[in-house]
$ cat upload35.cif   # mmCIF, C-alpha atoms and all ligand atoms
data_input
loop_
_atom_site.label_atom_id
_atom_site.label_comp_id
_atom_site.auth_asym_id
_atom_site.auth_seq_id
_atom_site.Cartn_x
_atom_site.Cartn_y
_atom_site.Cartn_z
CA MET V 8 30.90 -14.60 -24.02
CA GLU V 9 27.62 -15.51 -22.40
CA ALA V 10 24.33 -13.62 -22.70
CA ILE V 11 20.74 -14.01 -21.44
CA ALA V 12 18.41 -14.47 -24.41
CA ILE V 13 14.71 -15.04 -25.03
CA SER V 14 12.62 -16.05 -28.02
CA PRO V 15 10.01 -13.28 -28.30
CA ARG V 16 6.43 -14.40 -27.56
CA GLU V 17 7.60 -17.76 -26.21
CA LYS V 18 8.02 -18.58 -22.56
CA VAL V 19 11.66 -19.58 -22.92
CA SER V 20 14.87 -17.97 -21.79
CA ARG V 21 18.41 -19.31 -21.74
CA ILE V 22 22.07 -18.47 -21.46
CA VAL V 23 23.54 -18.33 -24.97
CA GLU V 24 27.07 -18.06 -26.30
CA ARG V 25 27.80 -14.93 -28.35
CA PRO V 26 30.99 -13.60 -29.98
CA GLU V 27 32.51 -10.72 -28.00
CA PRO V 28 31.61 -7.48 -29.86
CA GLU V 29 34.49 -5.42 -31.28
CA ILE V 30 34.84 -1.74 -32.06
CA ARG V 31 34.24 -1.25 -35.76
CA SER V 32 34.07 2.51 -36.16
CA ALA V 33 35.97 5.46 -34.70
CA ASP V 34 33.06 6.75 -32.60
CA GLU V 35 32.39 3.52 -30.73
CA ILE V 36 32.89 2.57 -27.10
CA LYS V 37 33.20 -0.95 -25.76
CA ILE V 38 31.87 -1.48 -22.26
CA SER V 39 32.61 -4.34 -19.92
CA VAL V 40 29.22 -4.83 -18.27
CA ILE V 41 29.28 -4.78 -14.46
CA GLU V 42 25.60 -5.20 -13.70
CA VAL V 43 22.18 -4.87 -15.32
CA GLY V 44 18.93 -4.12 -13.51
CA VAL V 45 15.78 -6.20 -13.95
CA CYS V 46 12.36 -4.56 -14.28
CA ALA V 47 8.78 -5.43 -15.21
CA THR V 48 9.63 -5.11 -18.93
CA ASP V 49 12.25 -7.87 -18.62
CA ARG V 50 9.85 -10.06 -16.65
CA GLU V 51 7.21 -9.57 -19.31
CA GLU V 52 9.69 -10.49 -22.07
CA VAL V 53 10.71 -13.70 -20.31
CA LEU V 54 7.03 -14.64 -19.91
CA GLY V 55 6.38 -14.33 -23.64
CA GLY V 56 5.18 -10.70 -23.67
CA LYS V 57 6.04 -7.92 -26.06
CA ALA V 58 9.60 -8.00 -27.41
CA LEU V 59 11.08 -7.98 -30.87
CA ALA V 60 14.17 -9.89 -31.99
CA PRO V 61 16.69 -8.22 -34.33
CA LYS V 62 15.79 -8.57 -38.01
CA GLY V 63 16.33 -12.06 -39.41
CA VAL V 64 16.71 -13.90 -36.10
CA ASN V 65 14.25 -15.12 -33.51
CA GLU V 66 16.38 -14.61 -30.43
CA LEU V 67 16.82 -11.41 -28.43
CA VAL V 68 19.43 -10.69 -25.77
CA ILE V 69 17.48 -8.88 -23.03
CA GLY V 70 18.51 -6.16 -20.56
CA HIS V 71 18.37 -2.37 -20.82
CA GLU V 72 19.27 -1.04 -17.33
CA MET V 73 23.03 -1.36 -17.73
CA PHE V 74 26.08 -0.11 -15.85
CA GLY V 75 29.64 -0.88 -16.83
CA VAL V 76 33.24 0.20 -17.26
CA VAL V 77 34.84 1.29 -20.53
CA ALA V 78 37.10 -1.45 -21.90
CA ASP V 79 38.13 0.17 -25.18
CA THR V 80 37.34 3.17 -27.39
CA GLY V 81 37.49 3.96 -31.11
CA ASP V 82 40.12 6.38 -32.44
CA GLY V 83 37.64 9.24 -32.69
CA VAL V 84 36.56 9.09 -29.02
CA ARG V 85 38.35 11.96 -27.26
CA HIS V 86 36.95 12.43 -23.79
CA ILE V 87 36.14 8.90 -22.67
CA LYS V 88 38.91 6.46 -21.78
CA PRO V 89 39.21 2.84 -20.63
CA GLY V 90 38.46 2.59 -16.92
CA ASP V 91 35.72 5.26 -17.04
CA TYR V 92 32.30 4.18 -15.76
CA GLY V 93 29.05 4.76 -17.57
CA VAL V 94 25.88 3.54 -19.21
CA PHE V 95 24.40 3.41 -22.69
CA THR V 96 20.96 4.87 -23.33
CA VAL V 97 18.30 2.43 -24.56
CA ARG V 98 16.30 3.81 -27.49
CA ARG V 99 17.66 4.33 -31.03
CA GLY V 100 15.81 6.65 -33.39
CA CYS V 101 13.97 5.81 -36.60
CA SER V 102 16.18 8.45 -38.37
CA ARG V 103 13.12 9.57 -40.36
CA CYS V 104 11.18 11.85 -38.00
CA ALA V 105 12.18 15.27 -36.71
CA PRO V 106 12.59 14.32 -33.01
CA CYS V 107 14.80 11.33 -33.91
CA ARG V 108 16.94 13.47 -36.20
CA MET V 109 17.33 15.84 -33.25
CA GLU V 110 18.54 12.94 -31.03
CA ARG V 111 15.21 12.75 -29.19
CA PRO V 112 14.06 9.21 -30.04
CA ASP V 113 12.07 9.25 -26.77
CA MET V 114 9.66 11.52 -28.70
CA CYS V 115 9.73 9.47 -31.94
CA ARG V 116 6.74 10.20 -34.17
CA THR V 117 6.81 7.13 -36.43
CA GLY V 118 6.98 4.50 -33.69
CA GLU V 119 9.66 2.78 -35.72
CA TYR V 120 12.41 3.24 -33.16
CA SER V 121 14.50 0.36 -31.78
CA GLU V 122 15.36 -0.34 -28.17
CA ARG V 123 18.31 -2.31 -26.91
CA GLY V 124 17.10 -5.42 -25.15
CA ILE V 125 13.43 -4.77 -25.97
CA ARG V 126 12.74 -3.97 -29.60
CA GLY V 127 14.83 -5.11 -32.54
CA MET V 128 18.27 -4.79 -30.95
CA ASP V 129 20.17 -7.05 -28.58
CA GLY V 130 20.39 -5.73 -25.04
CA PHE V 131 22.92 -5.51 -22.27
CA GLN V 132 22.54 -8.78 -20.26
CA THR V 133 25.96 -10.00 -21.40
CA GLY V 134 29.68 -9.53 -20.75
CA PHE V 135 30.57 -6.80 -23.26
CA VAL V 136 28.58 -4.30 -25.34
CA VAL V 137 29.61 -1.82 -28.05
CA ASP V 138 27.76 1.31 -29.15
CA SER V 139 28.35 4.85 -30.36
CA GLU V 140 29.79 7.49 -28.04
CA LYS V 141 26.65 9.59 -28.54
CA TYR V 142 24.68 7.00 -26.55
CA PHE V 143 27.21 6.86 -23.71
CA VAL V 144 26.55 8.70 -20.44
CA PRO V 145 29.49 8.89 -18.02
CA VAL V 146 28.93 8.01 -14.36
CA PRO V 147 31.51 9.12 -11.75
CA GLY V 148 33.40 6.23 -10.13
CA ASP V 149 32.09 7.08 -6.66
CA LEU V 150 28.56 6.28 -7.88
CA SER V 151 29.47 2.74 -8.95
CA GLY V 152 27.09 1.35 -6.29
CA THR V 153 24.07 3.10 -7.83
CA GLY V 154 25.08 3.61 -11.49
CA VAL V 155 22.73 0.77 -12.45
CA LEU V 156 19.79 2.97 -11.34
CA THR V 157 20.60 5.59 -14.00
CA GLU V 158 18.19 4.19 -16.60
CA PRO V 159 15.08 3.78 -14.40
CA LEU V 160 15.87 7.15 -12.80
CA SER V 161 16.06 8.76 -16.27
CA VAL V 162 12.43 7.75 -16.85
CA ALA V 163 11.37 9.58 -13.66
CA GLU V 164 13.58 12.55 -14.58
CA LYS V 165 11.89 12.96 -17.95
CA ALA V 166 8.37 12.76 -16.54
CA ILE V 167 9.11 15.27 -13.77
CA SER V 168 11.03 17.73 -15.94
CA GLU V 169 8.14 17.67 -18.44
CA CYS V 170 5.77 18.54 -15.56
CA LEU V 171 7.96 21.47 -14.62
CA ARG V 172 8.35 22.69 -18.21
CA LEU V 173 4.62 22.57 -18.77
CA GLN V 174 3.91 24.40 -15.53
CA SER V 175 6.59 26.99 -16.29
CA ILE V 176 4.87 28.14 -19.48
CA ARG V 177 1.38 28.51 -18.05
CA LEU V 178 1.49 29.41 -14.36
CA PRO V 179 1.81 33.17 -13.76
CA GLU V 180 3.55 32.59 -10.43
CA TYR V 181 6.02 29.95 -11.71
CA SER V 182 9.65 30.22 -10.59
CA PRO V 183 12.55 27.74 -10.88
CA ASP V 184 11.93 26.60 -7.30
CA TRP V 185 8.21 26.11 -7.94
CA LEU V 186 8.31 22.58 -6.50
CA ALA V 187 9.54 23.81 -3.10
CA GLY V 188 6.85 22.93 -0.58
CA LYS V 189 4.47 21.71 -3.29
CA ARG V 190 2.37 18.67 -2.46
CA CYS V 191 3.36 15.70 -4.62
CA LEU V 192 1.72 12.29 -4.77
CA VAL V 193 3.56 9.25 -6.14
CA ALA V 194 1.33 6.25 -6.83
CA GLY V 195 3.10 2.89 -6.92
CA LEU V 196 6.26 2.43 -4.86
CA GLY V 197 8.23 0.26 -7.24
CA PRO V 198 11.67 1.46 -8.37
CA ILE V 199 10.30 4.13 -10.75
CA GLY V 200 7.89 5.48 -8.11
CA LEU V 201 10.53 5.57 -5.39
CA LEU V 202 13.04 7.20 -7.75
CA ALA V 203 10.38 9.78 -8.68
CA ALA V 204 9.89 10.42 -4.94
CA LEU V 205 13.66 10.95 -4.69
CA VAL V 206 13.74 13.51 -7.51
CA LEU V 207 10.67 15.37 -6.22
CA THR V 208 12.16 15.52 -2.73
CA LEU V 209 15.50 16.79 -4.09
CA ARG V 210 13.54 19.59 -5.85
CA GLY V 211 11.88 20.54 -2.55
CA GLY V 212 8.53 18.79 -2.99
CA ALA V 213 6.56 17.41 -0.02
CA VAL V 214 6.06 13.81 -1.14
CA CYS V 215 3.39 11.26 -0.26
CA GLY V 216 3.69 7.73 -1.64
CA LEU V 217 0.64 5.52 -2.26
CA ASP V 218 0.85 1.72 -2.43
CA ILE V 219 -0.74 -1.34 -0.86
CA VAL V 220 2.35 -2.83 0.81
CA GLU V 221 2.51 -3.32 4.58
CA PRO V 222 3.67 -0.26 6.52
CA GLY V 223 7.26 -0.99 7.59
CA SER V 224 8.11 -2.89 4.41
CA PRO V 225 11.40 -2.04 2.63
CA LYS V 226 9.51 0.22 0.19
CA THR V 227 7.81 2.34 2.85
CA GLU V 228 10.99 2.44 4.97
CA TRP V 229 12.99 3.64 1.99
CA LEU V 230 10.41 6.36 1.33
CA SER V 231 10.29 7.54 4.92
CA THR V 232 14.10 7.84 5.09
CA ILE V 233 13.94 10.54 2.40
CA GLY V 234 11.10 12.23 4.29
CA GLY V 235 8.19 10.83 2.27
CA LYS V 236 4.86 10.02 3.91
CA TYR V 237 3.29 6.63 3.19
CA ILE V 238 -0.40 6.40 2.31
CA ASP V 239 -1.68 2.84 2.73
CA GLY V 240 -4.03 2.25 -0.20
CA LYS V 241 -5.69 -0.62 1.69
CA ILE V 242 -6.97 1.82 4.29
CA CYS V 243 -7.30 5.01 2.28
CA ARG V 244 -9.14 4.41 -1.00
CA PRO V 245 -7.55 6.28 -3.92
CA GLU V 246 -10.78 8.15 -4.75
CA ASN V 247 -10.92 9.46 -1.17
CA ILE V 248 -7.30 10.52 -0.88
CA ASP V 249 -8.15 14.22 -1.20
CA GLU V 250 -10.50 13.91 1.81
CA TYR V 251 -7.86 12.15 3.95
CA VAL V 252 -4.72 14.06 3.08
CA GLY V 253 -5.77 16.95 0.85
CA GLU V 254 -5.18 17.67 -2.81
CA PHE V 255 -1.91 17.57 -4.70
CA ASP V 256 -0.10 19.99 -7.01
CA LEU V 257 1.63 17.15 -8.84
CA VAL V 258 0.66 13.49 -9.23
CA PHE V 259 3.12 10.91 -10.57
CA GLU V 260 1.48 7.62 -11.53
CA ALA V 261 3.74 4.55 -11.69
CA THR V 262 1.39 1.60 -11.33
CA GLY V 263 -0.01 0.85 -14.79
CA ILE V 264 -3.42 0.16 -13.19
CA PRO V 265 -6.06 1.96 -15.32
CA SER V 266 -8.81 2.23 -12.67
CA LEU V 267 -6.37 3.73 -10.18
CA GLY V 268 -4.93 5.96 -12.88
CA PHE V 269 -8.31 7.63 -13.40
CA GLU V 270 -9.30 7.66 -9.72
CA LEU V 271 -6.21 9.68 -8.93
CA ILE V 272 -7.51 12.61 -10.99
CA ASP V 273 -9.67 13.17 -7.92
CA ALA V 274 -6.59 13.91 -5.83
CA LEU V 275 -5.31 16.60 -8.22
CA GLY V 276 -5.71 20.20 -7.09
CA ILE V 277 -6.41 23.45 -8.96
CA ASN V 278 -3.83 24.13 -11.74
CA GLY V 279 -2.38 20.71 -10.91
CA ILE V 280 -0.35 18.50 -13.21
CA TYR V 281 -0.58 14.73 -13.44
CA VAL V 282 1.86 12.48 -15.31
CA LEU V 283 1.12 8.84 -16.14
CA THR V 284 4.14 6.52 -16.60
CA GLY V 285 2.68 3.04 -15.95
CA ILE V 286 1.77 0.85 -18.93
CA PRO V 287 -1.26 -1.44 -18.39
CA GLY V 288 -0.53 -5.09 -19.12
CA ASP V 289 -4.10 -6.01 -20.09
CA GLU V 290 -6.94 -4.79 -22.30
CA HIS V 291 -9.80 -4.80 -19.75
CA ALA V 292 -12.30 -1.99 -20.27
CA ILE V 293 -13.10 0.09 -17.20
CA HIS V 294 -15.96 2.43 -16.33
CA ILE V 295 -15.09 5.98 -15.41
CA PRO V 296 -17.32 8.90 -14.35
CA GLY V 297 -16.58 10.75 -17.59
CA SER V 298 -18.70 13.87 -17.10
CA GLU V 299 -17.46 14.46 -13.59
CA LEU V 300 -13.81 14.03 -14.63
CA MET V 301 -14.10 16.21 -17.72
CA ARG V 302 -15.83 18.97 -15.74
CA LYS V 303 -13.19 18.83 -13.06
CA ILE V 304 -10.23 18.89 -15.48
CA VAL V 305 -11.63 21.92 -17.30
CA LEU V 306 -12.84 23.91 -14.30
CA ARG V 307 -9.55 23.36 -12.46
CA ASN V 308 -7.08 24.02 -15.30
CA GLN V 309 -5.50 20.60 -14.97
CA ILE V 310 -2.95 18.89 -17.19
CA ILE V 311 -2.91 15.11 -17.53
CA PHE V 312 -0.29 13.62 -19.80
CA GLY V 313 1.87 10.56 -20.41
CA SER V 314 5.63 10.18 -20.47
CA VAL V 315 7.80 7.31 -21.70
CA ASN V 316 11.49 6.60 -22.07
CA ALA V 317 14.09 9.37 -21.70
CA SER V 318 16.61 11.40 -23.66
CA ARG V 319 20.35 11.51 -23.05
CA GLU V 320 19.85 14.75 -21.13
CA HIS V 321 17.52 12.95 -18.71
CA PHE V 322 20.16 10.26 -18.19
CA GLN V 323 22.62 13.04 -17.33
CA MET V 324 20.12 14.54 -14.88
CA ALA V 325 19.77 11.07 -13.34
CA VAL V 326 23.55 10.83 -12.78
CA GLN V 327 23.52 14.32 -11.22
CA ASP V 328 20.69 13.40 -8.88
CA LEU V 329 22.34 10.11 -7.85
CA GLY V 330 25.30 12.23 -6.72
CA GLU V 331 23.00 14.73 -5.01
CA ALA V 332 21.12 11.92 -3.24
CA ASP V 333 24.38 10.41 -2.06
CA ARG V 334 25.47 13.71 -0.51
CA ARG V 335 22.11 14.21 1.15
CA TRP V 336 21.26 10.70 2.35
CA ASN V 337 24.70 9.05 2.33
CA GLY V 338 24.34 5.70 0.58
CA HIS V 339 20.56 5.49 0.94
CA ALA V 340 19.88 5.36 -2.82
CA ALA V 341 21.98 2.17 -3.02
CA ARG V 342 19.50 0.51 -0.66
CA LEU V 343 16.96 0.48 -3.49
CA ILE V 344 18.99 -2.45 -4.80
CA THR V 345 17.71 -5.27 -2.65
CA GLY V 346 19.19 -8.22 -4.52
CA ARG V 347 22.27 -8.96 -6.63
CA TYR V 348 22.45 -12.23 -8.57
CA HIS V 349 25.22 -13.89 -10.57
CA PHE V 350 24.12 -14.13 -14.20
CA GLN V 351 23.99 -17.92 -14.00
CA ASN V 352 21.15 -17.48 -11.48
CA TYR V 353 19.25 -15.05 -13.73
CA LEU V 354 15.95 -16.91 -13.44
CA GLU V 355 15.56 -16.07 -9.78
CA PRO V 356 15.11 -12.28 -10.15
CA LEU V 357 13.33 -12.66 -13.50
CA MET V 358 10.75 -15.25 -12.47
CA ASN V 359 10.19 -14.63 -8.77
CA GLN V 360 9.15 -11.13 -7.97
CA ASP V 361 9.24 -10.85 -4.21
CA ALA V 362 6.97 -7.97 -3.09
CA GLU V 363 9.47 -7.22 -0.32
CA LYS V 364 12.21 -6.59 -2.86
CA ILE V 365 12.65 -3.27 -4.66
CA LYS V 366 15.31 -3.58 -7.40
CA SER V 367 17.16 -6.76 -8.39
CA VAL V 368 20.27 -6.63 -10.54
CA ILE V 369 22.23 -9.28 -12.42
CA GLU V 370 26.01 -9.22 -12.10
CA TRP V 371 28.42 -9.73 -14.99
CA THR V 372 31.75 -9.41 -13.23
CA GLN V 373 34.52 -10.81 -15.41
ZN ZN V 401 13.48 -1.16 -17.11
ZN ZN V 402 11.50 8.67 -35.05
#

$ encode --input "upload35.cif" --output "structure tokens"
Amino acid sequence: MEAIAISPREKVSRIVERPEPEIRSADEIKISVIEVGVCATDREEVLGGKALAPKGVNELVIGHEMFGVVADTGDGVRHIKPGDYGVFTVRRGCSRCAPCRMERPDMCRTGEYSERGIRGMDGFQTGFVVDSEKYFVPVPGDLSGTGVLTEPLSVAEKAISECLRLQSIRLPEYSPDWLAGKRCLVAGLGPIGLLAALVLTLRGGAVCGLDIVEPGSPKTEWLSTIGGKYIDGKICRPENIDEYVGEFDLVFEATGIPSLGFELIDALGINGIYVLTGIPGDEHAIHIPGSELMRKIVLRNQIIFGSVNASREHFQMAVQDLGEADRRWNGHAARLITGRYHFQNYLEPLMNQDAEKIKSVIEWTQ
């Protein structure tokens, strides 16, 4: 079978031939891959950025945003059968720290976790993949058009559910519908930002989305269809957002731009919560008004924290919300996928990132 591979830290990628994986233990599931999403992590890997090949080799099969159909199961797998749709989660624990032993490798304390397609384990950009049932998350057949969004959506789900958990333990007035009517700002309208806007809207939040794309572009159109309001960062400077549109109860950062990341603290209201999910690609130092920010964070009881990766539970929440979104906006979530490419043409979505596009996926139909 064919697979898309890179040599970590080199600017080379190619289609390689790999033996089809087989089920070797009773708890395993073999998936026939249907499609795999491409994101900034994959683009970075192809351009020689951070990635780690499996031990003993210098080639890594990329791809972590997978969706497929079960081809075969081990004897011990009871509730999943061939023909079922689903995804595998991405991160595998270090097996040494407490969170990993509790199946929460997204909170790994040693940093010695592996990630399929990114760090030490081959990924999903290939025809078939095998893994343990405990990493499998079922996706209903009627969501086959959006199942590939489960992984990026799980990242947004984790960040938002952490916001809500943190608020629930400290706000006297907290209730399960706390987000209803709350002002939410999403910075960066890439797939993660737009999916965060989707989750926040489903929970009742009033969402504004900040970016620097042209009004009327696919990203702003997608946002406005779910009721989100676009803030054009070219007109409204991030540090003045609070003056233009008021302060926010929740800020979700998905840009990875450090200066913007700090400027957005200005837009956070009293008792507000701010989650950072973008990862800067460079090491440039920036100047920030430290005293002013520290004073503000303390005097306004604010929480600022980071969130990465997701647990299996967040993947399940993502599947739930894809269904919910489908019922509410009838097929709109699928319009996040703006390009599908045959795997032979993998270079196009990996090398050319068109600002007009939202999510590109690579197809592995047999
Ligand atoms: Zn990704
Ligand atoms: Zn660990």

$ residues_around --input "upload35.cif" --residues "Ile344 (chain V)" --least-positions-apart "6" --cutoff "12 Å" --atoms "all atoms listed in the file" --output "ChimeraX atom specification"
/V:42-46,152-156,197-198,201-202,225-226,229,338,356,363-369

$ residues_near_ligand --input "upload35.cif" --ligand "ligand ZN 402 (chain V)" --cutoff "12 Å" --atoms "all atoms listed in the file" --output "VMD selection string"
chain V and resid 98 to 122

$ residues_around --input "upload35.cif" --residues "Lys141 (chain V)" --least-positions-apart "3" --cutoff "10 Å" --atoms "only C-alpha atoms" --output "list in words"
Asp34, Glu35, Ile36, Val84, Phe95, Thr96, Glu110, Asp138, Val144 and Arg319 of chain V

$ write_last_selection --input "upload35.cif" --atoms "C-alpha atoms" --output "CSV table (one decimal), keeping the file's coordinate frame"
chain,number,residue,atom,x,y,z
V,34,ASP,CA,33.1,6.8,-32.6
V,35,GLU,CA,32.4,3.5,-30.7
V,36,ILE,CA,32.9,2.6,-27.1
V,84,VAL,CA,36.6,9.1,-29.0
V,95,PHE,CA,24.4,3.4,-22.7
V,96,THR,CA,21.0,4.9,-23.3
V,110,GLU,CA,18.5,12.9,-31.0
V,138,ASP,CA,27.8,1.3,-29.2
V,144,VAL,CA,26.6,8.7,-20.4
V,319,ARG,CA,20.4,11.5,-23.0

$ residues_near_ligand --input "upload35.cif" --ligand "ligand ZN 401 (chain V)" --cutoff "8 Å" --atoms "all atoms listed in the file" --output "ChimeraX atom specification"
/V:44-49,70-72,158-159

$ atom_distance --input "upload35.cif" --atom1 "CA of Ile22 (chain V)" --atom2 "CA of Val76 (chain V)"
22.2 Å

$ residues_near_point --input "upload35.cif" --point "(35.7, 3.5, -27.9)" --cutoff "10 Å" --atoms "all atoms listed in the file" --output "PyMOL selection string"
chain V and resi 29-38+77-89+137-140

$ residues_around --input "upload35.cif" --residues "Leu178 (chain V)" --least-positions-apart "3" --cutoff "12 Å" --atoms "only C-alpha atoms" --output "list in words"
Cys170, Leu171, Arg172, Leu173, Gln174, Ser175, Tyr181, Ser182, Pro183, Trp185, Ile277, Asn278, Gly279, Ile280, Asn308, Gln309 and Ile310 of chain V

$ write_last_selection --input "upload35.cif" --atoms "C-alpha atoms" --output "compact mmCIF listing (two decimals), in the frame of the given file"
# COMPACT_ATOMS: atom_id res chain seq x y z
CA CYS V 170 5.77 18.54 -15.56
CA LEU V 171 7.96 21.47 -14.62
CA ARG V 172 8.35 22.69 -18.21
CA LEU V 173 4.62 22.57 -18.77
CA GLN V 174 3.91 24.40 -15.53
CA SER V 175 6.59 26.99 -16.29
CA TYR V 181 6.02 29.95 -11.71
CA SER V 182 9.65 30.22 -10.59
CA PRO V 183 12.55 27.74 -10.88
CA TRP V 185 8.21 26.11 -7.94
CA ILE V 277 -6.41 23.45 -8.96
CA ASN V 278 -3.83 24.13 -11.74
CA GLY V 279 -2.38 20.71 -10.91
CA ILE V 280 -0.35 18.50 -13.21
CA ASN V 308 -7.08 24.02 -15.30
CA GLN V 309 -5.50 20.60 -14.97
CA ILE V 310 -2.95 18.89 -17.19

$ residues_around --input "upload35.cif" --residues "region 285-301 of chain V" --least-positions-apart "4" --cutoff "6 Å" --atoms "all atoms listed in the file" --output "list in words"
Ala261, Thr262, Gly263 and Ile264 of chain V

$ residues_around --input "upload35.cif" --residues "Lys236 (chain V)" --least-positions-apart "6" --cutoff "12 Å" --atoms "all atoms listed in the file" --output "JSON, numbers by chain"
{"V": [190, 191, 192, 193, 194, 196, 201, 204, 208, 212, 213, 214, 215, 216, 217, 218, 222, 223, 226, 227, 228, 229, 230, 252]}

$ residues_near_point --input "upload35.cif" --point "(12.0, -7.1, -25.7)" --cutoff "6 Å" --atoms "all atoms listed in the file" --output "ChimeraX atom specification"
/V:52,58-59,124-126

$ atom_distance --input "upload35.cif" --atom1 "CA of Ser224 (chain V)" --atom2 "CA of Ala341 (chain V)"
16.5 Å

$ atom_distance --input "upload35.cif" --atom1 "CA of Ser314 (chain V)" --atom2 "CA of Glu370 (chain V)"
29.4 Å

$ closest_residue --input "upload35.cif" --among "V:Ile167, V:Ile41, V:Leu67, V:Leu271" --to "Val315 (chain V)" --atoms "only C-alpha atoms"
V:Ile167

$ decode --input "upload35.cif" --residues "region 21-45 of chain V" --atoms "C-alpha atoms" --output "short mmCIF file (atom, residue, chain, number, x, y, z; two decimals), in the first residue's frame"
data_model
loop_
_atom_site.label_atom_id
_atom_site.label_comp_id
_atom_site.auth_asym_id
_atom_site.auth_seq_id
_atom_site.Cartn_x
_atom_site.Cartn_y
_atom_site.Cartn_z
CA ARG V 21 7.33 11.33 -1.18
CA ILE V 22 4.88 8.52 -1.75
CA VAL V 23 6.37 5.33 -0.31
CA GLU V 24 5.36 1.69 -0.49
CA ARG V 25 4.50 0.06 2.85
CA PRO V 26 3.24 -3.42 3.78
CA GLU V 27 -0.46 -3.41 4.65
CA PRO V 28 -0.72 -3.58 8.49
CA GLU V 29 -2.40 -6.65 9.99
CA ILE V 30 -4.22 -7.21 13.26
CA ARG V 31 -1.81 -8.80 15.70
CA SER V 32 -3.67 -8.71 18.99
CA ALA V 33 -7.26 -9.30 20.08
CA ASP V 34 -7.97 -5.66 20.94
CA GLU V 35 -6.97 -4.19 17.59
CA ILE V 36 -9.02 -2.58 14.85
CA LYS V 37 -7.98 -2.24 11.22
CA ILE V 38 -9.30 0.82 9.44
CA SER V 39 -9.50 1.42 5.72
CA VAL V 40 -8.65 5.11 5.52
CA ILE V 41 -11.18 7.24 3.62
CA GLU V 42 -9.65 10.67 4.02
CA VAL V 43 -7.13 12.57 6.14
CA GLY V 44 -7.17 16.31 6.82
CA VAL V 45 -4.14 18.54 6.31
#
